[in-house]
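With mmCIF, C-alpha atoms inside, this is work_30.cif:
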```cif
data_entry
#
loop_
_atom_site.label_atom_id
_atom_site.label_comp_id
_atom_site.auth_asym_id
_atom_site.auth_seq_id
_atom_site.Cartn_x
_atom_site.Cartn_y
_atom_site.Cartn_z
CA MET A 6 39.36 3.71 2.81
CA THR A 7 39.62 0.66 0.54
CA GLU A 8 36.49 -0.08 -1.44
CA LYS A 9 35.00 -3.42 -0.47
CA LYS A 10 34.72 -5.99 -3.24
CA ALA A 11 32.99 -9.31 -3.70
CA LEU A 12 34.58 -11.99 -5.86
CA LEU A 13 32.29 -14.06 -8.06
CA THR A 14 33.92 -17.31 -9.05
CA VAL A 15 32.72 -18.73 -12.37
CA PRO A 16 34.12 -22.02 -13.74
CA GLY A 17 36.53 -21.51 -16.61
CA ARG A 18 37.30 -17.80 -16.06
CA GLU A 19 39.06 -15.40 -13.72
CA PRO A 20 37.10 -14.30 -10.59
CA ILE A 21 34.86 -11.29 -11.27
CA GLU A 22 35.14 -8.34 -8.89
CA LEU A 23 31.86 -6.71 -7.86
CA PRO A 24 31.62 -3.58 -5.68
CA ILE A 25 29.97 -3.87 -2.25
CA ARG A 26 27.89 -0.82 -1.31
CA SER A 27 26.72 0.15 2.17
CA GLY A 28 23.68 2.19 3.18
CA THR A 29 23.11 4.10 6.40
CA LEU A 30 21.10 1.16 7.80
CA GLY A 31 20.50 -2.42 6.77
CA GLN A 32 22.37 -4.99 4.72
CA ASP A 33 25.24 -4.24 2.38
CA VAL A 34 24.50 -4.87 -1.28
CA ILE A 35 26.64 -6.40 -4.00
CA ASP A 36 26.45 -4.17 -7.08
CA VAL A 37 25.84 -6.51 -10.00
CA GLY A 38 25.08 -3.71 -12.46
CA GLY A 39 28.21 -4.42 -14.49
CA LEU A 40 27.80 -8.18 -14.54
CA GLY A 41 26.17 -8.11 -17.99
CA SER A 42 29.47 -7.10 -19.56
CA PHE A 43 30.78 -10.54 -18.52
CA ASP A 44 27.80 -12.24 -20.23
CA TYR A 45 26.13 -13.18 -16.96
CA PHE A 46 22.93 -12.05 -15.26
CA THR A 47 21.62 -12.83 -11.78
CA PHE A 48 18.49 -14.94 -11.27
CA ASP A 49 16.19 -13.76 -8.45
CA PRO A 50 12.46 -14.46 -8.98
CA GLY A 51 10.38 -11.95 -7.04
CA PHE A 52 13.50 -9.80 -6.53
CA THR A 53 13.54 -10.89 -2.87
CA SER A 54 17.34 -10.58 -2.66
CA THR A 55 17.75 -7.67 -5.06
CA ALA A 56 17.91 -3.96 -4.24
CA SER A 57 16.14 -2.41 -7.22
CA CYS A 58 16.97 1.18 -6.30
CA GLU A 59 18.57 3.55 -3.82
CA SER A 60 16.13 5.43 -1.58
CA LYS A 61 16.10 7.77 1.43
CA ILE A 62 12.39 7.50 2.23
CA THR A 63 11.57 4.38 4.28
CA TYR A 64 13.62 1.73 6.10
CA ILE A 65 12.33 -1.62 7.34
CA ASP A 66 14.08 -4.16 9.58
CA GLY A 67 11.74 -7.13 9.51
CA ASP A 68 13.70 -9.16 12.06
CA GLN A 69 13.56 -6.39 14.66
CA GLY A 70 10.07 -5.11 13.80
CA ILE A 71 11.33 -1.63 12.82
CA LEU A 72 9.67 0.76 10.36
CA LEU A 73 11.20 4.22 9.88
CA HIS A 74 9.93 7.06 7.69
CA ARG A 75 12.82 9.46 6.99
CA GLY A 76 14.36 8.12 10.22
CA TYR A 77 11.29 8.52 12.43
CA PRO A 78 9.81 5.34 14.01
CA ILE A 79 6.25 4.64 12.90
CA GLU A 80 5.16 4.37 16.55
CA GLU A 81 6.31 7.94 17.26
CA LEU A 82 4.66 9.29 14.14
CA ALA A 83 1.41 7.54 15.06
CA GLU A 84 1.47 8.97 18.57
CA ASN A 85 2.72 12.50 17.90
CA SER A 86 1.86 13.24 14.27
CA ASP A 87 -1.03 12.85 11.85
CA TYR A 88 -1.46 11.71 8.27
CA LEU A 89 -0.93 15.05 6.50
CA GLU A 90 2.15 15.82 8.57
CA THR A 91 3.49 12.39 7.63
CA CYS A 92 2.72 13.17 3.98
CA TYR A 93 4.79 16.35 4.26
CA LEU A 94 7.61 14.33 5.82
CA LEU A 95 7.63 11.69 3.07
CA LEU A 96 7.53 14.30 0.31
CA ASN A 97 10.02 16.80 1.74
CA GLY A 98 12.37 14.80 3.94
CA ASP A 99 11.69 16.59 7.24
CA LEU A 100 8.74 17.29 9.49
CA PRO A 101 7.18 20.73 8.98
CA ASN A 102 7.22 23.58 11.46
CA ALA A 103 3.87 25.04 12.53
CA MET A 104 3.71 27.52 9.63
CA GLN A 105 4.73 24.93 7.04
CA LYS A 106 2.16 22.47 8.34
CA LYS A 107 -0.65 25.02 8.21
CA GLU A 108 0.31 26.01 4.67
CA PHE A 109 0.48 22.37 3.55
CA GLU A 110 -2.90 21.56 5.09
CA ASN A 111 -4.40 24.58 3.35
CA ILE A 112 -2.98 23.49 -0.01
CA ILE A 113 -4.45 19.99 0.38
CA THR A 114 -7.82 21.34 1.53
CA THR A 115 -8.15 23.65 -1.46
CA HIS A 116 -7.35 20.84 -3.92
CA THR A 117 -9.95 18.30 -2.74
CA MET A 118 -12.55 19.14 -5.40
CA VAL A 119 -12.48 17.20 -8.67
CA ASN A 120 -13.56 18.34 -12.12
CA ARG A 121 -17.28 17.84 -12.77
CA SER A 122 -16.40 15.67 -15.76
CA ILE A 123 -15.04 13.10 -13.29
CA GLU A 124 -18.60 12.65 -12.02
CA GLN A 125 -19.73 11.84 -15.56
CA PHE A 126 -16.73 9.53 -15.95
CA MET A 127 -17.72 7.66 -12.76
CA SER A 128 -21.33 7.42 -13.88
CA GLY A 129 -20.18 5.53 -16.96
CA PHE A 130 -19.23 2.49 -14.89
CA ARG A 131 -21.74 -0.31 -14.38
CA TYR A 132 -23.84 0.03 -11.25
CA ASP A 133 -22.02 -2.94 -9.68
CA ALA A 134 -18.48 -2.11 -10.82
CA HIS A 135 -15.83 -2.92 -8.22
CA PRO A 136 -14.59 0.27 -6.49
CA MET A 137 -10.96 -0.63 -7.26
CA ALA A 138 -11.75 -0.84 -10.97
CA MET A 139 -13.29 2.63 -10.79
CA MET A 140 -10.40 4.00 -8.75
CA CYS A 141 -7.79 2.66 -11.16
CA GLY A 142 -9.63 4.12 -14.16
CA ALA A 143 -10.38 7.49 -12.56
CA VAL A 144 -6.78 8.12 -11.44
CA GLY A 145 -5.44 7.17 -14.85
CA ALA A 146 -7.94 9.54 -16.45
CA MET A 147 -6.80 12.45 -14.28
CA SER A 148 -3.83 13.00 -16.58
CA SER A 149 -6.31 14.28 -19.18
CA PHE A 150 -7.41 17.09 -16.83
CA TYR A 151 -4.07 18.56 -15.68
CA HIS A 152 -1.97 19.41 -18.74
CA ASP A 153 -0.60 22.42 -16.87
CA SER A 154 1.68 20.35 -14.62
CA LEU A 155 2.79 17.21 -16.46
CA ASP A 156 6.42 18.18 -17.05
CA ILE A 157 8.08 15.48 -14.95
CA THR A 158 11.46 17.25 -15.18
CA ASP A 159 10.06 20.30 -13.35
CA PRO A 160 10.26 19.92 -9.51
CA HIS A 161 7.40 22.42 -9.10
CA HIS A 162 5.17 20.39 -11.41
CA ARG A 163 6.02 17.21 -9.51
CA MET A 164 5.04 18.81 -6.22
CA ILE A 165 1.77 20.21 -7.61
CA THR A 166 0.89 16.73 -8.85
CA ALA A 167 1.71 15.23 -5.45
CA HIS A 168 -0.56 17.75 -3.74
CA ARG A 169 -3.38 17.10 -6.19
CA LEU A 170 -3.18 13.35 -5.78
CA ILE A 171 -3.08 13.43 -1.97
CA ALA A 172 -5.99 15.89 -1.89
CA LYS A 173 -8.23 14.25 -4.48
CA MET A 174 -7.79 10.57 -3.64
CA PRO A 175 -10.27 10.64 -0.70
CA THR A 176 -12.79 12.44 -2.93
CA LEU A 177 -12.37 9.84 -5.67
CA ALA A 178 -12.50 6.99 -3.15
CA ALA A 179 -15.77 8.28 -1.69
CA MET A 180 -17.18 8.73 -5.20
CA CYS A 181 -16.34 5.10 -5.99
CA TYR A 182 -18.29 4.04 -2.91
CA LYS A 183 -21.26 6.29 -3.62
CA HIS A 184 -21.55 5.00 -7.18
CA TYR A 185 -21.23 1.42 -5.93
CA ALA A 186 -23.92 2.07 -3.29
CA GLY A 187 -26.18 3.97 -5.69
CA GLN A 188 -26.11 7.15 -3.63
CA PRO A 189 -25.51 10.79 -4.63
CA TYR A 190 -21.94 12.09 -4.42
CA MET A 191 -21.00 14.28 -1.47
CA TYR A 192 -18.67 17.22 -2.12
CA PRO A 193 -15.68 17.85 0.15
CA ARG A 194 -15.99 20.48 2.88
CA ASN A 195 -13.14 22.87 3.60
CA ASN A 196 -14.01 23.14 7.29
CA LEU A 197 -13.25 19.47 7.92
CA GLY A 198 -9.94 17.70 8.46
CA TYR A 199 -8.60 15.12 6.02
CA ALA A 200 -10.07 11.97 7.62
CA GLU A 201 -13.25 13.77 8.73
CA ASN A 202 -13.82 14.92 5.17
CA PHE A 203 -13.41 11.41 3.84
CA LEU A 204 -15.88 9.90 6.31
CA ASN A 205 -18.37 12.68 5.59
CA MET A 206 -18.10 12.08 1.84
CA MET A 207 -18.49 8.34 2.44
CA PHE A 208 -21.46 8.32 4.80
CA GLY A 209 -23.00 11.80 4.55
CA THR A 210 -26.08 12.53 2.46
CA PRO A 211 -27.49 15.75 0.97
CA CYS A 212 -30.57 15.26 3.15
CA GLU A 213 -28.93 16.09 6.47
CA THR A 214 -25.76 17.40 8.03
CA ARG A 215 -24.20 15.19 10.69
CA ASP A 216 -21.02 15.62 12.69
CA VAL A 217 -18.31 13.03 12.14
CA ASN A 218 -17.45 11.05 15.26
CA PRO A 219 -13.96 12.27 16.31
CA VAL A 220 -12.93 8.80 17.54
CA LEU A 221 -13.72 7.31 14.14
CA ALA A 222 -12.01 10.20 12.35
CA LYS A 223 -8.87 9.72 14.44
CA ALA A 224 -8.86 5.98 13.70
CA MET A 225 -9.25 6.65 9.98
CA ASP A 226 -6.43 9.20 10.02
CA LEU A 227 -4.26 6.64 11.79
CA LEU A 228 -5.20 4.00 9.23
CA PHE A 229 -4.06 6.33 6.43
CA LEU A 230 -0.85 7.12 8.32
CA LEU A 231 0.08 3.50 8.99
CA HIS A 232 -0.35 2.65 5.30
CA ALA A 233 1.43 5.76 3.95
CA ASP A 234 4.54 3.90 2.78
CA HIS A 235 6.19 0.50 3.14
CA GLU A 236 9.40 0.67 1.14
CA GLN A 237 9.85 -1.33 -2.11
CA ASN A 238 6.72 -3.48 -2.07
CA ALA A 239 5.00 -4.75 -5.24
CA SER A 240 2.87 -1.65 -5.89
CA THR A 241 5.63 0.86 -5.10
CA SER A 242 8.04 -1.04 -7.34
CA THR A 243 5.35 -1.01 -10.04
CA VAL A 244 5.04 2.78 -9.75
CA ARG A 245 8.82 3.13 -10.05
CA LEU A 246 9.02 0.78 -13.03
CA ALA A 247 6.19 2.59 -14.83
CA GLY A 248 7.80 5.94 -14.00
CA SER A 249 11.17 4.82 -15.35
CA SER A 250 9.67 4.97 -18.85
CA GLY A 251 8.88 8.67 -18.38
CA ALA A 252 5.14 8.02 -18.06
CA ASN A 253 3.02 10.76 -16.47
CA PRO A 254 2.56 10.44 -12.70
CA PHE A 255 -1.20 9.79 -12.83
CA SER A 256 -0.72 6.72 -15.02
CA CYS A 257 2.10 5.57 -12.73
CA ILE A 258 -0.14 5.80 -9.66
CA ALA A 259 -2.91 4.00 -11.57
CA ALA A 260 -0.39 1.22 -12.22
CA GLY A 261 0.35 1.10 -8.50
CA ILE A 262 -3.37 0.83 -7.73
CA ALA A 263 -3.67 -2.07 -10.18
CA ALA A 264 -0.80 -3.89 -8.47
CA LEU A 265 -2.27 -3.20 -5.04
CA TRP A 266 -5.56 -4.77 -6.12
CA GLY A 267 -3.98 -8.24 -6.04
CA PRO A 268 -5.16 -10.37 -3.09
CA SER A 269 -1.56 -11.13 -2.12
CA HIS A 270 -0.88 -7.42 -1.64
CA GLY A 271 -3.61 -4.90 -0.81
CA GLY A 272 -6.42 -7.41 -0.51
CA ALA A 273 -5.13 -8.88 2.74
CA ASN A 274 -7.50 -6.98 5.04
CA GLN A 275 -10.44 -7.94 2.83
CA ALA A 276 -9.26 -11.55 3.08
CA VAL A 277 -9.46 -11.24 6.88
CA LEU A 278 -13.17 -10.42 6.72
CA GLU A 279 -13.78 -13.20 4.20
CA MET A 280 -12.05 -15.62 6.58
CA LEU A 281 -14.22 -14.47 9.48
CA ASN A 282 -17.30 -15.05 7.31
CA GLU A 283 -16.01 -18.51 6.44
CA ILE A 284 -15.57 -19.38 10.13
CA GLY A 285 -19.09 -18.08 10.71
CA ASP A 286 -19.45 -18.63 14.46
CA VAL A 287 -17.29 -18.56 17.58
CA LYS A 288 -18.08 -22.23 18.19
CA ASN A 289 -16.29 -23.11 14.92
CA ILE A 290 -13.03 -21.40 15.80
CA ASP A 291 -11.27 -24.40 17.38
CA SER A 292 -11.79 -26.57 14.31
CA PHE A 293 -10.49 -23.82 11.99
CA VAL A 294 -7.45 -23.21 14.22
CA LYS A 295 -6.76 -26.95 14.09
CA ARG A 296 -6.93 -26.80 10.30
CA ALA A 297 -4.53 -23.82 10.27
CA LYS A 298 -1.98 -25.88 12.20
CA ASP A 299 -2.25 -28.79 9.75
CA LYS A 300 0.42 -28.45 7.05
CA ASN A 301 -1.61 -30.66 4.74
CA ASP A 302 -4.72 -28.47 4.95
CA PRO A 303 -4.79 -25.52 2.49
CA PHE A 304 -6.75 -23.35 4.95
CA ARG A 305 -4.76 -20.45 6.40
CA LEU A 306 -5.68 -17.89 9.01
CA MET A 307 -5.50 -14.49 7.33
CA GLY A 308 -4.12 -11.43 9.13
CA PHE A 309 -1.50 -13.26 11.18
CA GLY A 310 2.25 -12.95 10.65
CA HIS A 311 3.86 -10.92 7.88
CA ARG A 312 6.18 -11.68 4.97
CA VAL A 313 8.55 -8.87 5.94
CA TYR A 314 8.21 -8.74 9.73
CA LYS A 315 9.61 -11.93 11.23
CA ASN A 316 9.05 -10.73 14.79
CA PHE A 317 6.05 -8.37 14.93
CA ASP A 318 4.47 -5.73 12.76
CA PRO A 319 5.10 -2.39 14.54
CA ARG A 320 2.00 -0.93 12.89
CA ALA A 321 -0.19 -3.64 14.39
CA LYS A 322 0.47 -2.54 17.97
CA VAL A 323 -0.72 0.97 17.17
CA MET A 324 -3.67 -0.28 15.12
CA LYS A 325 -4.79 -2.56 17.97
CA GLN A 326 -5.18 0.46 20.27
CA ALA A 327 -7.23 2.25 17.62
CA CYS A 328 -9.32 -0.90 17.11
CA ASP A 329 -10.09 -1.13 20.82
CA SER A 330 -11.04 2.57 20.90
CA VAL A 331 -13.39 2.23 17.92
CA LEU A 332 -15.14 -0.85 19.29
CA ALA A 333 -15.53 0.79 22.70
CA GLU A 334 -16.86 4.02 21.15
CA LEU A 335 -19.41 2.20 19.01
CA GLY A 336 -20.36 -0.20 21.80
CA ILE A 337 -20.29 -3.17 19.48
CA ASP A 338 -20.74 -6.32 21.55
CA ASN A 339 -23.04 -8.52 19.50
CA ASP A 340 -21.52 -8.49 16.00
CA PRO A 341 -20.72 -12.18 15.32
CA LEU A 342 -17.73 -11.46 13.05
CA LEU A 343 -16.13 -9.12 15.57
CA LYS A 344 -16.62 -11.73 18.29
CA ILE A 345 -14.75 -14.24 16.11
CA ALA A 346 -11.99 -11.69 15.49
CA LYS A 347 -11.50 -10.93 19.18
CA ARG A 348 -11.34 -14.65 20.02
CA LEU A 349 -8.81 -15.29 17.24
CA GLU A 350 -6.72 -12.40 18.53
CA GLN A 351 -6.69 -13.94 22.01
CA ILE A 352 -5.67 -17.34 20.65
CA ALA A 353 -2.86 -15.85 18.53
CA LEU A 354 -1.42 -14.00 21.51
CA GLU A 355 -1.63 -16.96 23.94
CA ASP A 356 -1.43 -20.22 21.96
CA ASP A 357 2.07 -21.75 22.00
CA TYR A 358 1.86 -22.65 18.30
CA PHE A 359 1.25 -19.05 17.21
CA VAL A 360 3.62 -17.53 19.77
CA SER A 361 6.49 -19.88 18.86
CA LYS A 362 6.08 -19.12 15.16
CA LYS A 363 5.54 -15.41 15.87
CA LEU A 364 2.23 -15.42 14.03
CA TYR A 365 0.95 -12.28 15.73
CA PRO A 366 -2.05 -10.31 14.43
CA ASN A 367 -0.79 -7.90 11.79
CA VAL A 368 -1.97 -4.48 10.59
CA ASP A 369 -4.38 -6.05 8.08
CA PHE A 370 -6.15 -7.96 10.85
CA TYR A 371 -6.89 -4.85 12.90
CA SER A 372 -7.56 -2.51 9.97
CA GLY A 373 -10.14 -4.95 8.62
CA ILE A 374 -11.93 -5.02 11.97
CA ILE A 375 -11.89 -1.22 12.24
CA MET A 376 -13.35 -0.70 8.79
CA LYS A 377 -15.97 -3.39 9.38
CA ALA A 378 -16.98 -1.68 12.64
CA ILE A 379 -17.20 1.75 10.97
CA GLY A 380 -19.51 0.30 8.32
CA ILE A 381 -17.17 0.26 5.34
CA PRO A 382 -17.91 -2.64 2.95
CA THR A 383 -15.09 -5.06 2.18
CA GLU A 384 -15.05 -3.97 -1.48
CA MET A 385 -13.77 -0.57 -0.29
CA PHE A 386 -10.95 -1.85 1.90
CA THR A 387 -8.27 -1.82 -0.79
CA VAL A 388 -9.48 1.55 -2.10
CA ILE A 389 -8.84 3.03 1.34
CA PHE A 390 -5.44 1.33 1.42
CA ALA A 391 -4.66 2.97 -1.93
CA THR A 392 -5.78 6.36 -0.63
CA GLY A 393 -3.33 6.21 2.26
CA ARG A 394 -0.50 4.72 0.17
CA THR A 395 -0.71 7.38 -2.58
CA VAL A 396 1.77 9.65 -0.79
CA GLY A 397 4.32 6.84 -0.59
CA TRP A 398 3.92 6.06 -4.26
CA ILE A 399 4.28 9.67 -5.39
CA ALA A 400 7.21 10.26 -3.02
CA HIS A 401 9.10 7.30 -4.48
CA TRP A 402 8.20 8.34 -8.02
CA SER A 403 9.42 11.89 -7.40
CA GLU A 404 12.63 10.67 -5.73
CA MET A 405 13.40 8.51 -8.75
CA ILE A 406 12.63 11.23 -11.30
CA SER A 407 14.71 13.80 -9.42
CA ASN A 408 17.81 11.57 -9.61
CA SER A 409 19.53 9.91 -12.55
CA TYR A 410 17.61 6.76 -13.46
CA LYS A 411 17.36 4.16 -16.17
CA ILE A 412 14.30 2.63 -17.74
CA GLY A 413 13.58 -0.66 -16.00
CA ARG A 414 14.57 -3.69 -18.05
CA PRO A 415 14.66 -6.93 -16.03
CA ARG A 416 16.38 -9.93 -17.59
CA GLN A 417 15.17 -13.53 -17.78
CA LEU A 418 16.33 -17.12 -17.74
CA TYR A 419 14.96 -18.41 -21.04
CA THR A 420 13.81 -22.05 -20.93
CA GLY A 421 11.74 -22.20 -24.14
CA GLU A 422 12.42 -23.78 -27.52
CA GLN A 423 15.69 -23.25 -29.33
CA ARG A 424 15.66 -21.74 -32.81
CA ARG A 425 13.64 -23.78 -35.29
CA SER A 426 12.19 -23.38 -38.77
CA ILE A 427 8.54 -23.13 -39.74
CA VAL A 428 7.06 -26.23 -41.38
CA PRO A 429 4.39 -25.44 -43.98
CA ILE A 430 0.94 -26.08 -42.53
CA LYS A 431 0.16 -28.87 -45.01
CA LYS A 432 3.21 -30.82 -43.83
CA ARG A 433 2.59 -30.42 -40.09
CA LYS A 434 1.50 -33.53 -38.23
#
```
Could you render the structure from this file as structure tokens?
Amino acid sequence: MTEKKALLTVPGREPIELPIRSGTLGQDVIDVGGLGSFDYFTFDPGFTSTASCESKITYIDGDQGILLHRGYPIEELAENSDYLETCYLLLNGDLPNAMQKKEFENIITTHTMVNRSIEQFMSGFRYDAHPMAMMCGAVGAMSSFYHDSLDITDPHHRMITAHRLIAKMPTLAAMCYKHYAGQPYMYPRNNLGYAENFLNMMFGTPCETRDVNPVLAKAMDLLFLLHADHEQNASTSTVRLAGSSGANPFSCIAAGIAALWGPSHGGANQAVLEMLNEIGDVKNIDSFVKRAKDKNDPFRLMGFGHRVYKNFDPRAKVMKQACDSVLAELGIDNDPLLKIAKRLEQIALEDDYFVSKKLYPNVDFYSGIIMKAIGIPTEMFTVIFATGRTVGWIAHWSEMISNSYKIGRPRQLYTGEQRRSIVPIKKRK
């Protein structure tokens, strides 16, 4: 079979041949890796048309609304699997059998405790420190506790680190909330499932033992699952770039958390709640919708449409069902923000403007409503996102480290001053 080539025509020189590579799904890519030898680089701000790596983990088709993890549709995983089973899939490439799943769950359960020094570390933050600031610092600090498994060239060490991170992130997340709320930390319990344990550490107190509502636990597990990975987004690419320098995995994940903190990335579901607060009352919805339709008005409805999904977000359909279940279970009928959210959802699904532009409610819209209904403060939304996304980050990091890779070194189009000489300060005007 003849290798496909692309010809780049540059004025004043012979056409440059560039290999065309094909994946198992998706667009072909033009390999521009050798273009530098011809004294040219490509210019692609935001890397929106550049494949930064080769990966076997997640595939997205935004036009068709498709999200596959190792080939499995997200809808099927949400219906037939759970978060830890999805973690196993992302890390190992295949779904576990019954014995493998039980062993994996046991490993995660027995790694949920954190070193007591982490408690002292957390207590060093100001009483009103943002939970994401604490989370970023605590995960970065974890590298100082686990010297026994920081050899990134050792597959066994990489897997131990993955297990530790998946297991301890809910514990750290709950500790961030407890410190923020001024409440005592709750230790993990080995008799609870992953999401149950998290909710118990979040809302439990040493004063009494309460059962975790199974409907809420299922919704939280689904929330983790639907955020487990999303291909080469900003935070995942950050983890890969940090990892390409040979940095330890804890610092790489901390870098991913920092990138996720940005309001254009992980802060979207928090922005949904802030928008609902800005609208304030159901009677104000029509005027805000009118503003959203006005191109000259900077106001935008948050939680509708998606940069990647041009049709619909497949995660949103699943999250909507969980949202309806949570609201029904809690019997919430009089919360003013949730009333606004439900009305906005109805408008987005029926109004010709939103339907024609395919501005459907996305996963951030429904996840924000779920967490609001459960009682999770908006400051914790991105922390929970990071907890679920940790497995995706560490899976991509491990995939990169296990293959041949180069340290990341993007190029630039320089538009600054040309070379000039320094004028002595006394002669400067």
What lies within 7 Å of A:Thr117 using all atoms listed in the file, ignoring chain neighbours under 3 positions off, as an MDAnalysis selection string? chainID A and resid 113:114 172:173 176 193
When you count all atoms listed in the file, which of these residues is closest to A:Thr91: A:Gly76, A:Gly308, A:Gly251, A:Gly272? A:Gly76
Around all the atoms of stretch 37-43 of chain A listed in the file, with 6 Å of room on each side, what axis-aligned box do you get, giving centre and edge lengths in Å to one decimal, as JSON?
```
{"center_x": 27.9, "center_y": -7.1, "center_z": -14.8, "size_x": 17.7, "size_y": 18.8, "size_z": 21.6}
```
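You can rank A:Leu231, A:Gly17, A:Gly209, A:Leu204 by their closest distance to A:Ser86 using only C-alpha atoms, and at the top of that list sits A:Leu231.
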Skip stretch 280-286 of chain A itself and residues of its chain fewer than 5 positions away, then list as an MDAnalysis selection string all residues within 10 Å of it, counting all atoms listed in the file. chainID A and resid 274:275 291:294 304:308 341:346 349
Take atom CA of A:Lys107 and atom CA of A:Ile399 and report the distance between them in Å, one decimal. 21.1 Å
Give as an NGL selection string the residues that the PyMOL selection byres ((chain A and resi 378) around 8) matches when applied to the coordinates above. :A and (331-332 or 335 or 337 or 374-377 or 379-381)
Find the distance between atom CA of A:Phe48 and atom CA of A:Leu418 and write it in Å to one decimal. 7.2 Å
Atomic separation - atom CA of A:Thr53 relative to atom CA of A:Ile21, Å: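 Separating atom CA of A:Ile21 from atom CA of A:Thr53 is a distance of 22.9 Å.
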Let me know the residues the PyMOL selection byres ((chain A and resi 26) around 10) catches in the file above, as an MDAnalysis selection string. chainID A and resid 8:10 23:25 27:28 32:36
One residue among A:Ala11, A:Ala247, A:Ala178, A:Val119 is nearest to A:Lys411 when using only C-alpha atoms, and that residue is A:Ala247
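Closest to A:Asn238 among A:Val313, A:Ala222, A:Ile79, A:Ala333 is A:Val313, based on all atoms listed in the file.
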Min atom-atom distance to A:Leu13 from the set A:Phe43, A:Thr158, A:His270, A:Gly70, counting only C-alpha atoms, belongs to A:Phe43
Please evaluate the PyMOL selection byres ((chain A and resi 201) around 12) against the structure above and give the resulting residues as JSON, numbers by chain. {"A": [88, 114, 175, 176, 193, 194, 195, 196, 197, 198, 199, 200, 202, 203, 204, 205, 206, 207, 208, 209, 215, 216, 217, 218, 219, 220, 221, 222, 223, 224, 225, 226, 227]}
Identify which of the residues A:Leu364, A:Ser330, A:Asn253, A:Val396 lies closest to A:Ala297, counting only C-alpha atoms when measuring atom-to-atom distances.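 Closest candidate: A:Leu364.
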